[in-house]
$ cat protein-v8.csv   # CSV, C-alpha atoms
chain,number,residue,atom,x,y,z
A,1,MET,CA,-50.7,-33.6,41.3
A,2,TYR,CA,-51.8,-30.7,39.1
A,3,LYS,CA,-55.0,-31.1,37.1
A,4,VAL,CA,-56.2,-29.2,34.1
A,5,GLU,CA,-58.9,-27.5,36.2
A,6,THR,CA,-56.3,-26.2,38.7
A,7,LEU,CA,-54.1,-24.8,35.9
A,8,VAL,CA,-56.8,-23.0,34.0
A,9,ALA,CA,-58.2,-21.6,37.2
A,10,ALA,CA,-54.8,-20.1,38.0
A,11,ALA,CA,-54.5,-18.7,34.5
A,12,GLU,CA,-58.0,-17.1,34.8
A,13,LYS,CA,-57.2,-15.7,38.3
A,14,TYR,CA,-53.9,-14.0,37.3
A,15,ASP,CA,-55.1,-13.2,33.7
A,16,ALA,CA,-52.2,-15.2,32.3
A,17,SER,CA,-51.8,-15.5,28.5
A,18,ASP,CA,-49.9,-18.8,28.6
A,19,ILE,CA,-49.3,-21.8,30.8
A,20,HIS,CA,-45.9,-23.7,30.5
A,21,LEU,CA,-45.5,-27.3,31.7
A,22,GLY,CA,-42.3,-29.3,31.7
A,23,ALA,CA,-41.3,-32.6,33.3
A,24,GLY,CA,-39.1,-31.9,36.3
A,25,GLN,CA,-40.0,-28.2,36.3
A,26,ALA,CA,-42.5,-25.9,38.1
A,27,VAL,CA,-45.6,-24.7,36.3
A,28,ARG,CA,-45.0,-21.2,34.9
A,29,LEU,CA,-47.6,-18.6,33.9
A,30,ARG,CA,-46.9,-15.8,31.5
A,31,ILE,CA,-48.5,-12.7,33.2
A,32,LYS,CA,-48.2,-9.3,31.5
A,33,GLY,CA,-45.4,-10.7,29.3
A,34,LYS,CA,-43.3,-12.1,32.1
A,35,LEU,CA,-43.0,-15.8,33.3
A,36,LYS,CA,-44.0,-16.4,36.9
A,37,ALA,CA,-43.5,-19.8,38.7
A,38,LEU,CA,-46.7,-21.3,40.2
A,39,GLY,CA,-46.5,-23.2,43.5
A,40,GLY,CA,-43.1,-22.1,44.7
A,41,GLU,CA,-39.9,-24.2,45.2
A,42,GLY,CA,-40.1,-27.9,44.8
A,43,ALA,CA,-43.5,-27.9,43.1
A,44,VAL,CA,-42.4,-29.7,40.0
A,45,LEU,CA,-44.3,-31.7,37.5
A,46,THR,CA,-43.8,-35.4,36.6
A,47,GLU,CA,-43.9,-36.9,33.1
A,48,GLU,CA,-46.9,-38.9,34.2
A,49,CYS,CA,-48.8,-35.7,35.3
A,50,ILE,CA,-48.1,-34.0,31.9
A,51,PHE,CA,-49.1,-37.0,30.0
A,52,GLN,CA,-52.4,-37.2,31.9
A,53,ILE,CA,-53.0,-33.5,31.1
A,54,MET,CA,-52.4,-34.2,27.4
A,55,GLU,CA,-54.9,-37.1,27.6
A,56,MET,CA,-57.5,-34.9,29.3
A,57,THR,CA,-57.2,-32.0,26.9
A,58,VAL,CA,-57.2,-33.8,23.5
A,59,HIS,CA,-60.6,-34.6,22.0
A,60,GLU,CA,-61.4,-38.2,21.5
A,61,SER,CA,-61.8,-37.7,17.7
A,62,GLN,CA,-58.3,-36.2,17.6
A,63,ARG,CA,-56.4,-38.6,19.9
A,64,GLN,CA,-55.0,-41.1,17.4
A,65,ARG,CA,-54.0,-38.4,15.0
A,66,CYS,CA,-52.3,-36.3,17.7
A,67,LYS,CA,-50.4,-39.3,19.1
A,68,LYS,CA,-49.2,-40.3,15.6
A,69,LEU,CA,-48.0,-36.7,14.8
A,70,PHE,CA,-46.3,-36.5,18.2
A,71,GLN,CA,-44.5,-39.7,17.6
A,72,GLU,CA,-43.5,-38.8,14.0
A,73,ASN,CA,-42.6,-35.1,14.5
A,74,GLY,CA,-41.9,-34.7,18.2
A,75,SER,CA,-44.6,-32.1,18.6
A,76,VAL,CA,-48.3,-31.6,17.9
A,77,ASP,CA,-50.8,-28.7,18.0
A,78,TYR,CA,-54.5,-29.1,19.0
A,79,SER,CA,-57.2,-27.1,20.7
A,80,TYR,CA,-58.8,-27.7,24.1
A,81,GLU,CA,-62.3,-26.5,25.0
A,82,GLY,CA,-63.6,-26.8,28.6
A,83,SER,CA,-65.3,-24.8,31.3
A,84,LEU,CA,-64.6,-23.2,34.6
A,85,ASP,CA,-67.4,-22.4,37.0
A,86,GLY,CA,-69.9,-22.8,34.2
A,87,ARG,CA,-68.0,-20.4,31.9
A,88,PRO,CA,-66.6,-21.8,28.6
A,89,LEU,CA,-62.8,-21.5,28.0
A,90,ARG,CA,-60.5,-22.4,25.2
A,91,TYR,CA,-56.8,-23.1,24.8
A,92,ARG,CA,-54.4,-23.7,22.0
A,93,MET,CA,-52.1,-26.6,23.0
A,94,GLN,CA,-48.6,-27.4,21.8
A,95,VAL,CA,-47.1,-30.7,23.1
A,96,TYR,CA,-43.4,-31.2,22.5
A,97,ARG,CA,-40.2,-32.7,23.9
A,98,SER,CA,-37.2,-30.8,25.3
A,99,MET,CA,-34.0,-32.9,25.9
A,100,GLY,CA,-36.3,-35.9,25.9
A,101,ARG,CA,-38.7,-34.5,28.5
A,102,LEU,CA,-42.4,-34.0,27.8
A,103,CYS,CA,-43.5,-30.3,27.7
A,104,VAL,CA,-46.7,-28.5,27.0
A,105,ALA,CA,-47.4,-24.8,26.1
A,106,MET,CA,-51.0,-23.7,26.6
A,107,ARG,CA,-52.1,-20.5,24.9
A,108,ARG,CA,-55.2,-19.0,26.5
A,109,ILE,CA,-57.8,-18.0,23.9
A,110,ARG,CA,-60.3,-15.4,25.0
A,111,TYR,CA,-63.7,-16.8,24.5
A,112,GLU,CA,-65.2,-13.5,23.4
A,113,ILE,CA,-64.2,-12.3,20.0
A,114,PRO,CA,-62.2,-9.1,20.6
A,115,ASN,CA,-62.7,-5.9,18.6
A,116,PHE,CA,-60.1,-3.4,17.4
A,117,ASP,CA,-60.7,-1.0,20.3
A,118,GLN,CA,-60.3,-3.7,22.9
A,119,LEU,CA,-57.0,-4.7,21.3
A,120,ASN,CA,-55.8,-1.1,21.2
A,121,LEU,CA,-55.1,-1.3,17.5
A,122,PRO,CA,-54.8,1.9,15.4
A,123,ARG,CA,-57.8,3.1,13.3
A,124,ILE,CA,-56.2,1.9,10.0
A,125,TYR,CA,-56.9,-1.7,11.0
A,126,LYS,CA,-60.7,-1.2,11.0
A,127,THR,CA,-60.5,1.1,8.0
A,128,MET,CA,-59.0,-1.7,5.9
A,129,ILE,CA,-61.8,-4.1,6.9
A,130,ASP,CA,-64.8,-1.7,6.8
A,131,ASN,CA,-65.0,-2.0,3.0
A,132,ALA,CA,-66.9,-5.3,2.8
A,133,GLU,CA,-66.6,-5.5,-1.0
A,134,GLN,CA,-62.8,-5.2,-1.3
A,135,LYS,CA,-60.8,-8.1,-2.7
A,136,GLY,CA,-57.2,-9.0,-2.1
A,137,ILE,CA,-54.8,-10.2,0.6
A,138,ILE,CA,-54.3,-8.8,4.1
A,139,ILE,CA,-51.3,-10.2,5.9
A,140,VAL,CA,-50.9,-9.9,9.7
A,141,GLY,CA,-47.3,-10.3,10.6
A,142,GLY,CA,-45.5,-10.7,13.9
A,143,GLU,CA,-43.3,-12.9,16.0
A,144,THR,CA,-44.8,-15.6,18.3
A,145,GLY,CA,-47.0,-14.1,21.0
A,146,SER,CA,-47.6,-10.8,19.1
A,147,GLY,CA,-51.3,-11.1,19.0
A,148,LYS,CA,-51.8,-12.1,15.3
A,149,SER,CA,-54.6,-14.6,16.1
A,150,SER,CA,-56.5,-12.0,18.1
A,151,THR,CA,-56.1,-9.4,15.4
A,152,MET,CA,-57.4,-11.8,12.7
A,153,ALA,CA,-60.3,-12.7,14.9
A,154,ALA,CA,-61.2,-9.1,15.3
A,155,MET,CA,-61.1,-8.7,11.5
A,156,ILE,CA,-63.3,-11.7,10.9
A,157,GLY,CA,-65.7,-10.6,13.7
A,158,CYS,CA,-66.0,-7.2,12.0
A,159,ILE,CA,-66.8,-8.7,8.6
A,160,SER,CA,-69.3,-11.2,10.1
A,161,ARG,CA,-71.7,-8.4,10.9
A,162,PHE,CA,-72.7,-8.5,7.2
A,163,PRO,CA,-75.4,-11.2,6.7
A,164,GLU,CA,-74.6,-11.6,3.0
A,165,LYS,CA,-71.0,-12.8,3.6
A,166,HIS,CA,-69.8,-16.4,3.7
A,167,ILE,CA,-66.5,-16.7,5.6
A,168,VAL,CA,-64.4,-19.9,5.5
A,169,THR,CA,-61.4,-20.4,7.8
A,170,ILE,CA,-58.6,-22.9,7.5
A,171,GLU,CA,-56.9,-23.3,10.8
A,172,ASP,CA,-54.4,-25.6,12.6
A,173,PRO,CA,-55.9,-25.7,15.2
A,174,ILE,CA,-59.1,-23.5,15.5
A,175,GLU,CA,-58.5,-20.9,18.1
A,176,TYR,CA,-61.4,-18.4,18.4
A,177,VAL,CA,-64.8,-19.9,17.8
A,178,PHE,CA,-67.3,-17.5,16.1
A,179,ARG,CA,-70.9,-17.7,17.4
A,180,ASP,CA,-74.0,-15.6,17.0
A,181,THR,CA,-72.8,-13.9,13.8
A,182,LYS,CA,-75.0,-12.4,11.1
A,183,GLY,CA,-72.8,-13.8,8.4
A,184,LEU,CA,-72.3,-17.4,7.5
A,185,ILE,CA,-69.0,-18.8,9.0
A,186,HIS,CA,-67.5,-22.3,8.5
A,187,GLN,CA,-64.4,-23.0,10.5
A,188,ARG,CA,-62.3,-25.9,9.2
A,189,GLU,CA,-59.6,-27.5,11.4
A,190,MET,CA,-56.6,-29.5,10.4
A,191,GLY,CA,-57.1,-33.3,11.2
A,192,LEU,CA,-60.7,-32.9,12.1
A,193,ASP,CA,-62.2,-31.4,8.9
A,194,PHE,CA,-59.4,-31.9,6.4
A,195,PRO,CA,-56.3,-34.1,6.1
A,196,ASP,CA,-53.7,-31.5,5.1
A,197,HIS,CA,-53.5,-27.8,4.0
A,198,ALA,CA,-53.0,-28.7,0.4
A,199,GLU,CA,-56.4,-30.4,0.3
A,200,ALA,CA,-58.1,-27.6,2.2
A,201,LEU,CA,-56.8,-24.9,-0.1
A,202,ARG,CA,-57.8,-26.8,-3.2
A,203,ALA,CA,-61.4,-27.3,-1.8
A,204,VAL,CA,-62.0,-23.8,-0.4
A,205,LEU,CA,-62.8,-22.1,-3.6
A,206,ARG,CA,-65.5,-24.7,-4.3
A,207,GLU,CA,-67.3,-23.7,-1.1
A,208,ASP,CA,-68.6,-20.4,-2.4
A,209,PRO,CA,-66.8,-18.1,0.1
A,210,ASN,CA,-66.6,-14.3,0.1
A,211,VAL,CA,-63.8,-14.2,2.7
A,212,ILE,CA,-61.1,-16.8,3.4
A,213,MET,CA,-59.0,-16.8,6.4
A,214,ILE,CA,-55.8,-19.0,6.2
A,215,GLY,CA,-54.3,-19.3,9.7
A,216,GLU,CA,-50.7,-19.0,8.5
A,217,MET,CA,-48.7,-18.7,5.3
A,218,ARG,CA,-46.6,-21.8,5.4
A,219,ASP,CA,-45.1,-22.3,2.0
A,220,SER,CA,-45.3,-21.4,-1.7
A,221,GLU,CA,-48.5,-23.5,-2.0
A,222,THR,CA,-50.2,-21.3,0.6
A,223,VAL,CA,-49.1,-18.1,-1.1
A,224,HIS,CA,-50.2,-19.4,-4.5
A,225,ALA,CA,-53.6,-20.3,-3.0
A,226,ALA,CA,-54.0,-16.9,-1.5
A,227,ILE,CA,-53.1,-15.1,-4.7
A,228,LYS,CA,-55.5,-17.3,-6.7
A,229,ALA,CA,-58.3,-16.6,-4.3
A,230,ALA,CA,-57.7,-12.9,-4.4
A,231,GLU,CA,-57.6,-13.0,-8.3
A,232,THR,CA,-60.9,-14.7,-8.3
A,233,GLY,CA,-62.7,-12.0,-6.3
A,234,HIS,CA,-62.1,-13.0,-2.6
A,235,LEU,CA,-60.8,-11.2,0.5
A,236,VAL,CA,-58.0,-13.3,2.0
A,237,ILE,CA,-56.8,-12.7,5.6
A,238,THR,CA,-53.7,-14.6,6.7
A,239,SER,CA,-50.6,-14.4,8.9
A,240,LEU,CA,-46.8,-14.8,8.7
A,241,HIS,CA,-44.1,-15.1,11.4
A,242,THR,CA,-42.0,-12.0,10.6
A,243,ALA,CA,-40.7,-9.0,12.5
A,244,THR,CA,-41.4,-6.1,10.1
A,245,ALA,CA,-43.6,-5.3,7.1
A,246,ALA,CA,-40.6,-5.2,4.7
A,247,TRP,CA,-39.3,-8.5,6.1
A,248,THR,CA,-42.8,-10.0,5.5
A,249,PHE,CA,-42.6,-9.3,1.8
A,250,SER,CA,-39.0,-10.7,1.7
A,251,ARG,CA,-40.2,-13.8,3.6
A,252,ILE,CA,-42.9,-14.5,1.0
A,253,LEU,CA,-40.3,-14.3,-1.8
A,254,SER,CA,-38.1,-16.7,0.1
A,255,PHE,CA,-40.7,-19.5,-0.4
A,256,PHE,CA,-40.0,-19.4,-4.1
A,257,SER,CA,-37.0,-19.9,-6.4
A,258,GLU,CA,-35.1,-16.9,-7.8
A,259,ALA,CA,-36.6,-17.6,-11.2
A,260,GLU,CA,-40.1,-17.2,-9.8
A,261,HIS,CA,-39.6,-13.9,-7.9
A,262,ASP,CA,-40.6,-11.5,-10.8
A,263,ALA,CA,-43.9,-13.3,-11.3
A,264,VAL,CA,-44.7,-13.4,-7.5
A,265,ARG,CA,-43.8,-9.7,-7.2
A,266,LEU,CA,-46.2,-8.8,-10.1
A,267,ASN,CA,-49.0,-10.9,-8.6
A,268,LEU,CA,-48.6,-9.4,-5.1
A,269,SER,CA,-48.3,-5.9,-6.5
A,270,TYR,CA,-51.9,-6.2,-7.8
A,271,ASN,CA,-53.4,-8.5,-5.1
A,272,LEU,CA,-51.8,-7.5,-1.8
A,273,LEU,CA,-53.9,-5.0,0.1
A,274,ALA,CA,-51.9,-4.5,3.3
A,275,ILE,CA,-49.2,-5.9,5.5
A,276,MET,CA,-49.8,-5.2,9.2
A,277,ASN,CA,-47.0,-6.2,11.6
A,278,GLN,CA,-47.3,-5.9,15.4
A,279,MET,CA,-45.6,-6.7,18.7
A,280,LEU,CA,-47.0,-6.7,22.2
A,281,LEU,CA,-45.4,-4.6,24.9
A,282,PRO,CA,-46.3,-4.3,28.7
A,283,SER,CA,-48.0,-1.0,29.3
A,284,GLU,CA,-46.9,1.1,32.2
A,285,GLN,CA,-50.5,2.3,32.7
A,286,GLU,CA,-52.6,0.6,35.3
A,287,ASN,CA,-55.1,-2.0,34.2
A,288,VAL,CA,-54.0,-1.9,30.5
A,289,GLY,CA,-51.7,-5.0,30.4
A,290,LEU,CA,-50.1,-5.5,27.0
A,291,ILE,CA,-50.3,-2.8,24.3
A,292,PRO,CA,-49.5,-3.3,20.6
A,293,ALA,CA,-46.8,-1.5,18.7
A,294,THR,CA,-47.6,-1.7,15.0
A,295,GLU,CA,-46.2,-1.2,11.5
A,296,VAL,CA,-48.5,-0.9,8.5
A,297,PHE,CA,-47.9,-1.0,4.8
A,298,ILE,CA,-50.9,-0.2,2.5
A,299,ASN,CA,-50.5,-1.1,-1.1
A,300,THR,CA,-52.0,1.9,-2.8
A,301,PRO,CA,-51.5,2.5,-6.6
A,302,SER,CA,-48.9,5.1,-5.9
A,303,VAL,CA,-46.6,2.7,-4.1
A,304,ARG,CA,-47.3,-0.5,-6.1
A,305,GLN,CA,-44.0,-0.3,-8.0
A,306,TYR,CA,-42.1,-0.8,-4.7
A,307,LEU,CA,-43.5,-4.4,-4.7
A,308,LYS,CA,-43.4,-4.9,-8.5
A,309,GLU,CA,-39.7,-3.9,-9.1
A,310,LYS,CA,-36.8,-5.7,-7.5
A,311,GLU,CA,-34.7,-2.5,-7.6
A,312,LYS,CA,-37.2,-0.7,-5.4
A,313,GLU,CA,-38.0,-3.4,-2.9
A,314,SER,CA,-35.3,-2.2,-0.6
A,315,GLN,CA,-37.2,1.2,-0.3
A,316,LEU,CA,-40.3,-0.3,1.2
A,317,ALA,CA,-39.3,0.7,4.7
A,318,ASP,CA,-38.8,4.3,3.5
A,319,VAL,CA,-42.3,4.3,1.9
A,320,ILE,CA,-43.8,3.2,5.2
A,321,LYS,CA,-42.0,6.0,7.2
A,322,GLU,CA,-43.5,8.7,5.0
A,323,GLY,CA,-46.8,8.0,6.8
A,324,ASN,CA,-49.2,8.3,3.9
A,325,ASP,CA,-52.6,6.6,3.8
A,326,GLY,CA,-52.4,5.3,7.4
A,327,MET,CA,-49.0,3.8,6.9
A,328,HIS,CA,-46.5,4.0,9.8
A,329,SER,CA,-43.4,2.3,11.0
A,330,PHE,CA,-42.7,0.6,14.4
A,331,ASN,CA,-40.7,3.6,15.5
A,332,MET,CA,-43.6,5.9,14.7
A,333,SER,CA,-45.9,3.7,16.7
A,334,LEU,CA,-43.4,3.4,19.6
A,335,ALA,CA,-43.1,7.2,19.7
A,336,ARG,CA,-46.9,7.5,20.0
A,337,LEU,CA,-46.9,5.0,22.8
A,338,ILE,CA,-44.2,7.0,24.6
A,339,GLY,CA,-46.3,10.1,24.2
A,340,ALA,CA,-49.4,8.4,25.6
A,341,GLY,CA,-47.5,7.2,28.6
A,342,HIS,CA,-47.6,3.5,27.9
A,343,ILE,CA,-43.9,2.9,27.7
A,344,GLY,CA,-40.7,4.7,28.7
A,345,ILE,CA,-38.0,5.8,26.3
A,346,THR,CA,-35.4,3.2,27.5
A,347,ASP,CA,-37.8,0.3,27.1
A,348,ALA,CA,-39.0,1.6,23.7
A,349,LYS,CA,-35.5,1.7,22.4
A,350,ALA,CA,-35.0,-1.9,23.6
A,351,TYR,CA,-38.0,-3.0,21.4
A,352,SER,CA,-37.0,-0.9,18.4
A,353,HIS,CA,-35.3,-2.4,15.4
A,354,ASN,CA,-33.5,1.0,14.9
A,355,PRO,CA,-33.0,2.7,18.3
A,356,GLN,CA,-31.0,5.6,16.9
A,357,GLU,CA,-33.8,6.5,14.5
A,358,LEU,CA,-36.3,6.2,17.3
A,359,GLU,CA,-34.3,8.6,19.4
A,360,MET,CA,-34.2,11.2,16.6
A,361,LEU,CA,-38.0,10.7,16.1
A,362,ILE,CA,-38.7,11.3,19.8
A,363,LYS,CA,-36.7,14.5,19.7
A,364,VAL,CA,-38.8,15.8,16.8
A,365,THR,CA,-42.2,14.7,18.0
A,366,HIS,CA,-41.7,15.5,21.7
A,367,LYS,CA,-40.2,18.9,21.6
$ encode --input "protein-v8.csv" --output "structure tokens"
Amino acid sequence: MYKVETLVAAAEKYDASDIHLGAGQAVRLRIKGKLKALGGEGAVLTEECIFQIMEMTVHESQRQRCKKLFQENGSVDYSYEGSLDGRPLRYRMQVYRSMGRLCVAMRRIRYEIPNFDQLNLPRIYKTMIDNAEQKGIIIVGGETGSGKSSTMAAMIGCISRFPEKHIVTIEDPIEYVFRDTKGLIHQREMGLDFPDHAEALRAVLREDPNVIMIGEMRDSETVHAAIKAAETGHLVITSLHTATAAWTFSRILSFFSEAEHDAVRLNLSYNLLAIMNQMLLPSEQENVGLIPATEVFINTPSVRQYLKEKEKESQLADVIKEGNDGMHSFNMSLARLIGAGHIGITDAKAYSHNPQELEMLIKVTHK
């Protein structure tokens, strides 16, 4: 029978990003973006084994809440903190059912806070954070597994070097834990430190923060809270599950009724600092692992009207392609990764949202 210690030891050994468990299935590890079975044929998990793993990983203070949510919703998120050979480790847990069978997805969280260089992110990411006095909203976009949490952790880690800054995070669950920082950081976790996001968002402005990290934009209430915080002089860092920067803006509008769109556009045109979307690709270079392809929109005064005016919203992608002020499209990023030897042309076209455009860009940039 598999134990938690056995699973995390295997994940550490093979540098896996995720562990997948399912009743009647073999354990699978995601290594360099690909799923690999652990234990060979016939090494399948029982429902009892998975239930015991859930019991062993959920904190006593969270147990009743997690069981209640699982029964009501069919899934639950929580964090697990343990150790291996005296070294601390942390996982984000997702327990759910598939065709009635118990399943668990365990996302491995690096215990050390990453920096922008370690994440291979372009210089513009750090440039946007280096101004400790700026106010507004930075949105990190991307699909599941695109490294959004790591990027936001790098941003918070960068800001935390300023001793005069008070940072408050609102997370479900807490992933990276910040220690030994010069700034003051309070991390608040759903269920443990607050009952729901609405209450946390109402309270956060009364906690005298300079910087607020909202783990994820979930609905119109979250967007309104982010805008209000930016308007009252705070830097807000948050994330959204979207594929491109232009789609991120459209996704925000979709939280609201058509009658509210003009007001939301106006508010975001003045309070949005940047949209930074990313995806993770397996690098062909040895010892690199996953490498990010990125798309960045910077809301400078010269492009503000593309957010403010409905008629110009469709031109956002074209503004990004112009490449001004550190902006760049996914295809521009993919072309650079091809030039640096991280990815081949065929694979890059498979990841691109516009392969024909990428092919033309490659011809221009790699003459």
$ residues_around --input "protein-v8.csv" --residues "Ser333 (chain A)" --least-positions-apart "5" --cutoff "9 Å" --atoms "all atoms listed in the file" --output "mmCIF file with C-alpha atoms, in the frame of the given file"
data_model
loop_
_atom_site.group_PDB
_atom_site.id
_atom_site.type_symbol
_atom_site.label_atom_id
_atom_site.label_comp_id
_atom_site.auth_asym_id
_atom_site.auth_seq_id
_atom_site.Cartn_x
_atom_site.Cartn_y
_atom_site.Cartn_z
ATOM 1 C CA PRO A 292 -49.500 -3.300 20.600
ATOM 2 C CA ALA A 293 -46.800 -1.500 18.700
ATOM 3 C CA THR A 294 -47.600 -1.700 15.000
ATOM 4 C CA GLU A 295 -46.200 -1.200 11.500
ATOM 5 C CA HIS A 328 -46.500 4.000 9.800
ATOM 6 C CA ILE A 338 -44.200 7.000 24.600
#
$ closest_residue --input "protein-v8.csv" --among "A:Leu21, A:Leu316, A:Met360, A:Leu69" --to "Met332 (chain A)" --atoms "all atoms listed in the file"
A:Met360
$ atom_distance --input "protein-v8.csv" --atom1 "CA of Gly22 (chain A)" --atom2 "CA of Ser61 (chain A)"
25.4 Å
$ closest_atom_pairs --input "protein-v8.csv" --of "region 80-138 of chain A" --to "region 6-18 of chain A" --cutoff "9 Å" --atoms "all atoms listed in the file" --output "CSV"
residue,atom,partner,partner_atom,distance
A:Leu84,CA,A:Ala9,CA,7.1
A:Leu89,CA,A:Val8,CA,8.6
A:Tyr91,CA,A:Asp18,CA,9.0
A:Ala105,CA,A:Asp18,CA,7.0
A:Met106,CA,A:Asp18,CA,5.4
A:Arg107,CA,A:Asp18,CA,4.6
A:Arg108,CA,A:Ser17,CA,5.3
A:Ile109,CA,A:Ser17,CA,8.0
$ closest_residue --input "protein-v8.csv" --among "A:Thr222, A:Thr181, A:Thr151, A:Ser254" --to "Asp196 (chain A)" --atoms "all atoms listed in the file"
A:Thr222
$ closest_residue --input "protein-v8.csv" --among "A:Asp347, A:Glu55, A:Asp262, A:Glu48" --to "Glu284 (chain A)" --atoms "all atoms listed in the file"
A:Asp347
$ atom_distance --input "protein-v8.csv" --atom1 "CA of Arg65 (chain A)" --atom2 "CA of Arg97 (chain A)"
17.4 Å
$ closest_residue --input "protein-v8.csv" --among "A:Asp219, A:Glu189, A:Glu112, A:Asp117" --to "Ser79 (chain A)" --atoms "all atoms listed in the file"
A:Glu189
$ closest_residue --input "protein-v8.csv" --among "A:Arg161, A:Arg265, A:Lys308, A:Lys32" --to "Gly145 (chain A)" --atoms "all atoms listed in the file"
A:Lys32
$ closest_residue --input "protein-v8.csv" --among "A:Val95, A:Asn271, A:Val168, A:Ile174" --to "Glu81 (chain A)" --atoms "all atoms listed in the file"
A:Ile174
$ atom_distance --input "protein-v8.csv" --atom1 "CA of Leu253 (chain A)" --atom2 "CA of Ile156 (chain A)"
26.4 Å
$ residues_around --input "protein-v8.csv" --residues "Gln315 (chain A)" --least-positions-apart "4" --cutoff "9 Å" --atoms "only C-alpha atoms" --output "CSV table (one decimal) with C-alpha atoms, in the coordinates of the input"
chain,number,residue,atom,x,y,z
A,246,ALA,CA,-40.6,-5.2,4.7
A,306,TYR,CA,-42.1,-0.8,-4.7
A,311,GLU,CA,-34.7,-2.5,-7.6
A,319,VAL,CA,-42.3,4.3,1.9
A,320,ILE,CA,-43.8,3.2,5.2
$ residues_around --input "protein-v8.csv" --residues "Ile291 (chain A)" --least-positions-apart "5" --cutoff "9 Å" --atoms "all atoms listed in the file" --output "ChimeraX atom specification"
/A:119-121,279-283,337,342
$ residues_around --input "protein-v8.csv" --residues "Met56 (chain A)" --least-positions-apart "3" --cutoff "10 Å" --atoms "all atoms listed in the file" --output "PyMOL selection string"
chain A and resi 3-4+50-53+59-60+80
$ residues_around --input "protein-v8.csv" --residues "Ala274 (chain A)" --least-positions-apart "6" --cutoff "6 Å" --atoms "only C-alpha atoms" --output "list in words"
Ile138, Phe297, Ile298 and Asn299 of chain A
$ build_atoms --input "protein-v8.csv" --residues "region 328-339 of chain A" --atoms "N, CA and C atoms" --output "JSON list (two decimals), in the coordinates of the input"
[["chain", "number", "residue", "atom", "x", "y", "z"],
["A", 328, "HIS", "N", -47.46, 3.50, 8.77],
["A", 328, "HIS", "CA", -46.50, 4.00, 9.80],
["A", 328, "HIS", "C", -45.57, 2.87, 10.17],
["A", 329, "SER", "N", -44.41, 3.28, 10.66],
["A", 329, "SER", "CA", -43.40, 2.30, 11.00],
["A", 329, "SER", "C", -43.49, 1.98, 12.52],
["A", 330, "PHE", "N", -42.75, 0.95, 12.94],
["A", 330, "PHE", "CA", -42.70, 0.60, 14.40],
["A", 330, "PHE", "C", -42.23, 1.75, 15.20],
["A", 331, "ASN", "N", -41.20, 2.46, 14.72],
["A", 331, "ASN", "CA", -40.70, 3.60, 15.50],
["A", 331, "ASN", "C", -41.72, 4.69, 15.66],
["A", 332, "MET", "N", -42.51, 4.94, 14.62],
["A", 332, "MET", "CA", -43.60, 5.90, 14.70],
["A", 332, "MET", "C", -44.62, 5.51, 15.76],
["A", 333, "SER", "N", -44.93, 4.20, 15.76],
["A", 333, "SER", "CA", -45.90, 3.70, 16.70],
["A", 333, "SER", "C", -45.31, 3.73, 18.14],
["A", 334, "LEU", "N", -44.03, 3.39, 18.31],
["A", 334, "LEU", "CA", -43.40, 3.40, 19.60],
["A", 334, "LEU", "C", -43.36, 4.88, 20.15],
["A", 335, "ALA", "N", -43.10, 5.84, 19.26],
["A", 335, "ALA", "CA", -43.10, 7.20, 19.70],
["A", 335, "ALA", "C", -44.45, 7.67, 20.19],
["A", 336, "ARG", "N", -45.52, 7.19, 19.54],
["A", 336, "ARG", "CA", -46.90, 7.50, 20.00],
["A", 336, "ARG", "C", -47.15, 6.88, 21.36],
["A", 337, "LEU", "N", -46.68, 5.64, 21.56],
["A", 337, "LEU", "CA", -46.90, 5.00, 22.80],
["A", 337, "LEU", "C", -46.13, 5.68, 23.97],
["A", 338, "ILE", "N", -44.97, 6.22, 23.64],
["A", 338, "ILE", "CA", -44.20, 7.00, 24.60],
["A", 338, "ILE", "C", -45.03, 8.26, 24.99],
["A", 339, "GLY", "N", -45.55, 8.94, 23.96],
["A", 339, "GLY", "CA", -46.30, 10.10, 24.20],
["A", 339, "GLY", "C", -47.59, 9.90, 24.99]]
